[in-house]
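K.L.:
Here's a structure for you.
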Amino acid sequence: MTQSSKAQTGGPREGVALSKEGLPDWLDPVVRAAETVQPLQLSRFLPPENGAGRQSAVLILFGEGERGQGPELLLMERAGSLRSHAGQISFPGGSLDPEDGDPKADGPLRAALREAEEETGLDPAGVQLFGVLPRLYIPVSEFVVTPVVGWWREPSPVGVVDPNETARVFTVPVADLTNPANRATTVHPSGHRGPAFLVESTLVWGFTAGVIDRLLHYAGWERSWDREKLVPLDWRS
């Protein structure tokens, strides 16, 4: 996070809490998945038992698309100049700040909203948070990530706020993410394989693709796809 982006938002928000009241029916499977999914069902990379790692949060934000294609997810492309995960597609999010509060309480909720506002310009007042997934770990950057799930109850304009942090902000129809033609398996030079999505003229892979893949699966939205459709990753990835 840069000082310039932080200066554009206010201090810690009061009254941040989870609520399932008034959610659209189509989100019911996501609500159930968020309530029941276990850590190892999401990823084999879990936070270190010794408490090490950089506490962070991401916002998995579902909204009703205006393109007539049904529900959408908000994503962003990270700036190519960043030290961690440069150029990758991600959920809005970042490290917890002291003013966000307790990482084991509502700190991740505040951080997810704050970072989303700083990175995409969305109005947090229009976001209803309804679920928190188990904390996961990104070994390469040592982030301990709490995925916070929300409903974009009142959509607001979004776009790049700070080009030093964000290259692009966009939404992806869930129908495109579940389309078997848009699915593939990435192959890292290390040999690691993971799910990927070829959508919006880009490749979604890594942590973000893994979480989306598991959410689609446990929400019952996943469609059968060719797991042998391989996309090699560059050694710098």
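Labeling convention for the structure tokens: chains A, B, ... as they appear, residues from 1 per chain, ligands from 1 in order of appearance.
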As a CSV table (one decimal) with all heavy atoms, in the first residue's frame, which residues of range 4-207 of chain A does DSSP assign to alpha helix (DSSP H)?

P.N.:
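Output contents, as saved in result02.csv:
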```csv
chain,number,residue,atom,x,y,z
A,4,SER,N,0.0,7.5,-0.7
A,4,SER,CA,-1.0,8.3,-1.5
A,4,SER,C,-2.3,7.6,-1.5
A,4,SER,O,-3.3,8.2,-1.3
A,4,SER,CB,-0.5,8.5,-2.9
A,4,SER,OG,-0.3,7.2,-3.6
A,5,SER,N,-2.3,6.3,-1.6
A,5,SER,CA,-3.6,5.6,-1.6
A,5,SER,C,-4.3,5.6,-0.3
A,5,SER,O,-5.5,5.7,-0.1
A,5,SER,CB,-3.4,4.1,-2.1
A,5,SER,OG,-2.7,3.4,-1.2
A,6,LYS,N,-3.4,5.5,0.8
A,6,LYS,CA,-4.0,5.4,2.1
A,6,LYS,C,-4.6,6.8,2.5
A,6,LYS,O,-5.6,6.9,3.2
A,6,LYS,CB,-2.9,5.1,3.1
A,6,LYS,CG,-3.3,4.8,4.5
A,6,LYS,CD,-2.2,4.2,5.3
A,6,LYS,CE,-2.7,3.9,6.7
A,6,LYS,NZ,-1.6,3.3,7.5
A,28,ASP,N,-27.3,-18.4,-1.9
A,28,ASP,CA,-27.4,-19.4,-0.9
A,28,ASP,C,-26.3,-20.4,-0.9
A,28,ASP,O,-25.8,-20.8,0.1
A,28,ASP,CB,-28.8,-20.0,-0.9
A,28,ASP,CG,-29.9,-19.1,-0.5
A,28,ASP,OD1,-29.6,-18.1,0.1
A,28,ASP,OD2,-31.1,-19.5,-0.7
A,29,PRO,N,-26.0,-21.0,-2.1
A,29,PRO,CA,-24.9,-22.0,-2.1
A,29,PRO,C,-23.6,-21.4,-1.7
A,29,PRO,O,-22.8,-22.2,-1.0
A,29,PRO,CB,-24.9,-22.4,-3.6
A,29,PRO,CG,-26.2,-22.0,-4.2
A,29,PRO,CD,-26.6,-20.8,-3.4
A,30,VAL,N,-23.3,-20.2,-1.9
A,30,VAL,CA,-22.0,-19.6,-1.5
A,30,VAL,C,-22.1,-19.4,0.0
A,30,VAL,O,-21.0,-19.6,0.7
A,30,VAL,CB,-21.8,-18.2,-2.2
A,30,VAL,CG1,-20.5,-17.6,-1.7
A,30,VAL,CG2,-21.8,-18.4,-3.7
A,31,VAL,N,-23.2,-19.0,0.6
A,31,VAL,CA,-23.3,-18.8,2.0
A,31,VAL,C,-23.1,-20.2,2.7
A,31,VAL,O,-22.3,-20.2,3.7
A,31,VAL,CB,-24.7,-18.3,2.4
A,31,VAL,CG1,-24.9,-18.3,3.9
A,31,VAL,CG2,-25.0,-16.9,1.8
A,32,ARG,N,-23.7,-21.2,2.2
A,32,ARG,CA,-23.5,-22.6,2.8
A,32,ARG,C,-22.0,-23.0,2.7
A,32,ARG,O,-21.5,-23.6,3.6
A,32,ARG,CB,-24.4,-23.6,2.1
A,32,ARG,CG,-25.9,-23.4,2.5
A,32,ARG,CD,-26.7,-24.7,2.0
A,32,ARG,NE,-26.7,-24.8,0.6
A,32,ARG,CZ,-27.6,-24.3,-0.2
A,32,ARG,NH1,-28.6,-23.5,0.3
A,32,ARG,NH2,-27.5,-24.5,-1.5
A,33,ALA,N,-21.4,-22.8,1.5
A,33,ALA,CA,-20.0,-23.1,1.4
A,33,ALA,C,-19.1,-22.4,2.4
A,33,ALA,O,-18.2,-23.0,3.0
A,33,ALA,CB,-19.6,-22.9,-0.1
A,34,ALA,N,-19.4,-21.1,2.5
A,34,ALA,CA,-18.6,-20.3,3.5
A,34,ALA,C,-18.7,-20.8,4.9
A,34,ALA,O,-17.8,-20.7,5.7
A,34,ALA,CB,-18.9,-18.8,3.4
A,35,GLU,N,-19.9,-21.3,5.2
A,35,GLU,CA,-20.2,-21.8,6.6
A,35,GLU,C,-19.6,-23.1,6.9
A,35,GLU,O,-19.3,-23.5,8.0
A,35,GLU,CB,-21.7,-21.8,6.8
A,35,GLU,CG,-22.3,-20.4,6.9
A,35,GLU,CD,-23.8,-20.4,7.0
A,35,GLU,OE1,-24.4,-21.5,6.7
A,35,GLU,OE2,-24.4,-19.4,7.5
A,36,THR,N,-19.4,-24.0,5.8
A,36,THR,CA,-19.1,-25.4,6.1
A,36,THR,C,-17.7,-25.8,5.6
A,36,THR,O,-17.2,-26.8,6.0
A,36,THR,CB,-20.1,-26.3,5.4
A,36,THR,OG1,-20.2,-26.0,4.0
A,36,THR,CG2,-21.5,-26.0,6.0
A,39,PRO,N,-10.5,-25.8,6.1
A,39,PRO,CA,-9.2,-25.3,5.5
A,39,PRO,C,-8.6,-26.1,4.4
A,39,PRO,O,-8.3,-25.6,3.4
A,39,PRO,CB,-8.3,-25.1,6.7
A,39,PRO,CG,-9.3,-24.9,7.9
A,39,PRO,CD,-10.5,-25.7,7.6
A,40,LEU,N,-8.4,-27.4,4.7
A,40,LEU,CA,-7.8,-28.3,3.7
A,40,LEU,C,-8.6,-28.6,2.5
A,40,LEU,O,-8.1,-29.1,1.5
A,40,LEU,CB,-7.4,-29.6,4.4
A,40,LEU,CG,-6.1,-29.5,5.3
A,40,LEU,CD1,-5.9,-30.8,6.1
A,40,LEU,CD2,-4.9,-29.1,4.6
A,41,GLN,N,-9.9,-28.2,2.6
A,41,GLN,CA,-10.7,-28.4,1.4
A,41,GLN,C,-10.5,-27.2,0.4
A,41,GLN,O,-10.8,-27.3,-0.7
A,41,GLN,CB,-12.2,-28.4,1.8
A,41,GLN,CG,-12.6,-29.7,2.5
A,41,GLN,CD,-14.1,-29.7,2.9
A,41,GLN,OE1,-14.6,-28.7,3.5
A,41,GLN,NE2,-14.7,-30.8,2.7
A,42,LEU,N,-9.9,-26.1,0.9
A,42,LEU,CA,-9.6,-25.0,0.1
A,42,LEU,C,-8.2,-25.0,-0.4
A,42,LEU,O,-7.9,-24.6,-1.6
A,42,LEU,CB,-9.8,-23.7,0.9
A,42,LEU,CG,-11.2,-23.2,1.2
A,42,LEU,CD1,-11.2,-22.0,2.0
A,42,LEU,CD2,-11.9,-22.9,-0.1
A,107,GLY,N,-10.8,-7.5,12.3
A,107,GLY,CA,-9.7,-6.8,11.6
A,107,GLY,C,-9.7,-7.2,10.1
A,107,GLY,O,-9.6,-6.3,9.2
A,108,PRO,N,-9.9,-8.5,9.7
A,108,PRO,CA,-9.9,-8.8,8.3
A,108,PRO,C,-11.1,-8.2,7.5
A,108,PRO,O,-10.9,-7.9,6.4
A,108,PRO,CB,-10.0,-10.3,8.3
A,108,PRO,CG,-9.3,-10.7,9.6
A,108,PRO,CD,-9.8,-9.7,10.6
A,109,LEU,N,-12.2,-8.0,8.2
A,109,LEU,CA,-13.4,-7.4,7.5
A,109,LEU,C,-13.1,-6.0,7.2
A,109,LEU,O,-13.3,-5.5,6.1
A,109,LEU,CB,-14.6,-7.5,8.5
A,109,LEU,CG,-15.0,-8.8,9.0
A,109,LEU,CD1,-16.4,-8.7,9.8
A,109,LEU,CD2,-15.1,-9.9,8.0
A,110,ARG,N,-12.5,-5.2,8.1
A,110,ARG,CA,-12.1,-3.9,7.9
A,110,ARG,C,-11.1,-3.7,6.8
A,110,ARG,O,-11.1,-2.9,6.0
A,110,ARG,CB,-11.6,-3.2,9.2
A,110,ARG,CG,-12.7,-3.1,10.3
A,110,ARG,CD,-12.1,-2.6,11.6
A,110,ARG,NE,-13.0,-2.7,12.7
A,110,ARG,CZ,-14.0,-1.8,12.9
A,110,ARG,NH1,-14.1,-0.7,12.1
A,110,ARG,NH2,-14.8,-1.9,14.0
A,111,ALA,N,-10.1,-4.6,6.9
A,111,ALA,CA,-9.0,-4.6,6.0
A,111,ALA,C,-9.4,-4.8,4.5
A,111,ALA,O,-9.0,-4.2,3.6
A,111,ALA,CB,-7.9,-5.6,6.4
A,112,ALA,N,-10.3,-5.8,4.4
A,112,ALA,CA,-10.8,-6.2,3.1
A,112,ALA,C,-11.6,-5.0,2.4
A,112,ALA,O,-11.4,-4.7,1.2
A,112,ALA,CB,-11.7,-7.4,3.1
A,113,LEU,N,-12.4,-4.4,3.2
A,113,LEU,CA,-13.2,-3.2,2.7
A,113,LEU,C,-12.2,-2.0,2.4
A,113,LEU,O,-12.3,-1.4,1.4
A,113,LEU,CB,-14.2,-2.8,3.7
A,113,LEU,CG,-15.4,-3.7,3.8
A,113,LEU,CD1,-16.4,-3.2,4.9
A,113,LEU,CD2,-16.2,-3.8,2.5
A,114,ARG,N,-11.3,-1.8,3.3
A,114,ARG,CA,-10.4,-0.6,3.2
A,114,ARG,C,-9.5,-0.8,1.9
A,114,ARG,O,-9.4,0.1,1.1
A,114,ARG,CB,-9.5,-0.5,4.4
A,114,ARG,CG,-8.5,0.6,4.3
A,114,ARG,CD,-7.6,0.7,5.5
A,114,ARG,NE,-7.0,-0.6,5.9
A,114,ARG,CZ,-6.0,-1.2,5.2
A,114,ARG,NH1,-5.4,-0.6,4.2
A,114,ARG,NH2,-5.5,-2.4,5.6
A,115,GLU,N,-8.9,-2.0,1.8
A,115,GLU,CA,-8.1,-2.2,0.6
A,115,GLU,C,-8.8,-2.2,-0.7
A,115,GLU,O,-8.4,-1.7,-1.7
A,115,GLU,CB,-7.4,-3.6,0.8
A,115,GLU,CG,-6.3,-3.6,1.9
A,115,GLU,CD,-5.0,-3.0,1.3
A,115,GLU,OE1,-4.9,-2.7,0.1
A,115,GLU,OE2,-4.1,-2.7,2.1
A,116,ALA,N,-10.1,-2.7,-0.7
A,116,ALA,CA,-10.9,-2.7,-1.9
A,116,ALA,C,-11.2,-1.3,-2.3
A,116,ALA,O,-11.2,-0.9,-3.5
A,116,ALA,CB,-12.2,-3.5,-1.7
A,117,GLU,N,-11.5,-0.4,-1.3
A,117,GLU,CA,-11.7,1.0,-1.6
A,117,GLU,C,-10.5,1.7,-2.2
A,117,GLU,O,-10.5,2.4,-3.1
A,117,GLU,CB,-12.2,1.7,-0.3
A,117,GLU,CG,-12.5,3.2,-0.6
A,117,GLU,CD,-13.0,3.9,0.7
A,117,GLU,OE1,-12.9,3.3,1.8
A,117,GLU,OE2,-13.5,5.1,0.5
A,118,GLU,N,-9.3,1.4,-1.5
A,118,GLU,CA,-8.1,2.0,-2.0
A,118,GLU,C,-7.6,1.6,-3.3
A,118,GLU,O,-7.1,2.3,-4.1
A,118,GLU,CB,-7.0,1.7,-0.9
A,118,GLU,CG,-7.2,2.4,0.4
A,118,GLU,CD,-6.1,1.9,1.4
A,118,GLU,OE1,-5.2,1.1,1.0
A,118,GLU,OE2,-6.2,2.4,2.6
A,119,GLU,N,-7.9,0.3,-3.7
A,119,GLU,CA,-7.4,-0.3,-4.9
A,119,GLU,C,-8.4,-0.1,-6.1
A,119,GLU,O,-8.0,0.0,-7.2
A,119,GLU,CB,-7.1,-1.7,-4.7
A,119,GLU,CG,-5.9,-2.0,-3.8
A,119,GLU,CD,-5.7,-3.5,-3.6
A,119,GLU,OE1,-6.6,-4.2,-3.6
A,119,GLU,OE2,-4.5,-3.8,-3.4
A,120,THR,N,-9.7,-0.1,-5.8
A,120,THR,CA,-10.7,-0.1,-6.9
A,120,THR,C,-11.6,1.1,-6.8
A,120,THR,O,-12.3,1.4,-7.8
A,120,THR,CB,-11.6,-1.3,-6.9
A,120,THR,OG1,-12.5,-1.3,-5.8
A,120,THR,CG2,-10.7,-2.6,-6.7
A,174,VAL,N,-19.8,-15.0,-13.5
A,174,VAL,CA,-19.6,-16.4,-12.9
A,174,VAL,C,-19.9,-17.4,-14.0
A,174,VAL,O,-19.2,-18.5,-14.0
A,174,VAL,CB,-20.6,-16.6,-11.7
A,174,VAL,CG1,-20.5,-18.1,-11.3
A,174,VAL,CG2,-20.2,-15.7,-10.6
A,175,ALA,N,-20.8,-17.1,-14.9
A,175,ALA,CA,-21.0,-18.0,-16.1
A,175,ALA,C,-19.8,-18.3,-16.9
A,175,ALA,O,-19.6,-19.4,-17.4
A,175,ALA,CB,-22.2,-17.5,-16.9
A,176,ASP,N,-18.9,-17.2,-17.0
A,176,ASP,CA,-17.7,-17.4,-17.8
A,176,ASP,C,-16.7,-18.3,-17.0
A,176,ASP,O,-15.9,-19.1,-17.5
A,176,ASP,CB,-17.0,-16.1,-18.1
A,176,ASP,CG,-17.8,-15.3,-19.1
A,176,ASP,OD1,-18.7,-15.8,-19.7
A,176,ASP,OD2,-17.4,-14.1,-19.4
A,177,LEU,N,-16.7,-18.1,-15.6
A,177,LEU,CA,-15.8,-18.9,-14.8
A,177,LEU,C,-16.2,-20.4,-14.8
A,177,LEU,O,-15.3,-21.2,-14.6
A,177,LEU,CB,-15.8,-18.3,-13.4
A,177,LEU,CG,-15.2,-16.9,-13.2
A,177,LEU,CD1,-15.5,-16.3,-11.9
A,177,LEU,CD2,-13.7,-16.9,-13.4
A,178,THR,N,-17.5,-20.6,-14.9
A,178,THR,CA,-17.9,-22.1,-14.9
A,178,THR,C,-17.9,-22.7,-16.3
A,178,THR,O,-18.1,-23.9,-16.4
A,178,THR,CB,-19.3,-22.2,-14.3
A,178,THR,OG1,-20.2,-21.4,-15.0
A,178,THR,CG2,-19.3,-21.7,-12.8
A,206,GLY,N,-2.9,-19.2,-9.8
A,206,GLY,CA,-2.4,-19.0,-8.4
A,206,GLY,C,-3.4,-19.0,-7.3
A,206,GLY,O,-4.5,-19.7,-7.4
A,207,PHE,N,-3.2,-18.3,-6.3
A,207,PHE,CA,-4.1,-18.2,-5.1
A,207,PHE,C,-5.5,-17.9,-5.5
A,207,PHE,O,-6.4,-18.5,-5.1
A,207,PHE,CB,-3.5,-17.2,-4.1
A,207,PHE,CG,-4.4,-17.0,-2.9
A,207,PHE,CD1,-4.4,-17.8,-1.8
A,207,PHE,CD2,-5.3,-16.0,-2.9
A,207,PHE,CE1,-5.2,-17.6,-0.7
A,207,PHE,CE2,-6.2,-15.7,-1.8
A,207,PHE,CZ,-6.1,-16.6,-0.7
```

K.L.:
Skip Glu72 in chain A itself and residues of its chain fewer than 2 positions away, then list as a PyMOL selection string all residues within 9 Å of it, counting only C-alpha atoms.

P.N.:
chain A and resi 61-65+69-70+74+171-175

K.L.:
Residues within 7 Å of Leu230 in chain A, please, as a ChimeraX atom specification. Count only C-alpha atoms; anything in the same chain fewer than 4 positions from it doesn't count.

P.N.:
/A:184-187

K.L.:
Restricted to C-alpha atoms, what would the selected residues look like written as a PDB file, in the first residue's frame?

P.N.:
```pdb
ATOM      1  CA  ALA A 184      -7.343 -25.004 -17.717  1.00  0.00           C
ATOM      2  CA  THR A 185      -4.523 -26.299 -15.522  1.00  0.00           C
ATOM      3  CA  THR A 186      -1.383 -24.228 -15.121  1.00  0.00           C
ATOM      4  CA  VAL A 187       2.003 -25.903 -14.923  1.00  0.00           C
TER       5      VAL A 187
END
```

K.L.:
So, with only C-alpha atoms as the atoms that count, which of A:Leu216, A:Gly191, A:Pro124, A:Ala181 lies closest to Val158 in chain A?

P.N.:
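Closest residue, counting only C-alpha atoms: A:Pro124.
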
K.L.:
Quick one: pick out all strand (DSSP E) residues within chain A from a backbone DSSP run and write them as number ranges by chain.

P.N.:
A: 54-64, 71-78, 89-90, 93-95, 127-132, 136-138, 143-152, 166-173, 183-187, 193-199, 202-204, 230-232

K.L.:
Given only C-alpha atoms as the basis, pick out the residue of A:Trp151, A:Phe143, A:Trp205, A:Tyr218 nearest to Pro232 in chain A.

P.N.:
A:Trp205

K.L.:
Rounded to one decimal, what separation in Å do you get between CA of Ala219 in chain A and CA of Arg135 in chain A?

P.N.:
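These two atoms are separated by 18.5 Å.
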
K.L.:
Can you tell me how far CA of Leu18 in chain A sits from CA of Pro134 in chain A, in Å to one decimal?

P.N.:
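These atoms are spaced 14.9 Å apart.
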
K.L.:
Please, what distance in Å, to one decimal, runs between CA of Val199 in chain A and CA of Gly80 in chain A?

P.N.:
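Between these atoms lies a distance of 19.0 Å.
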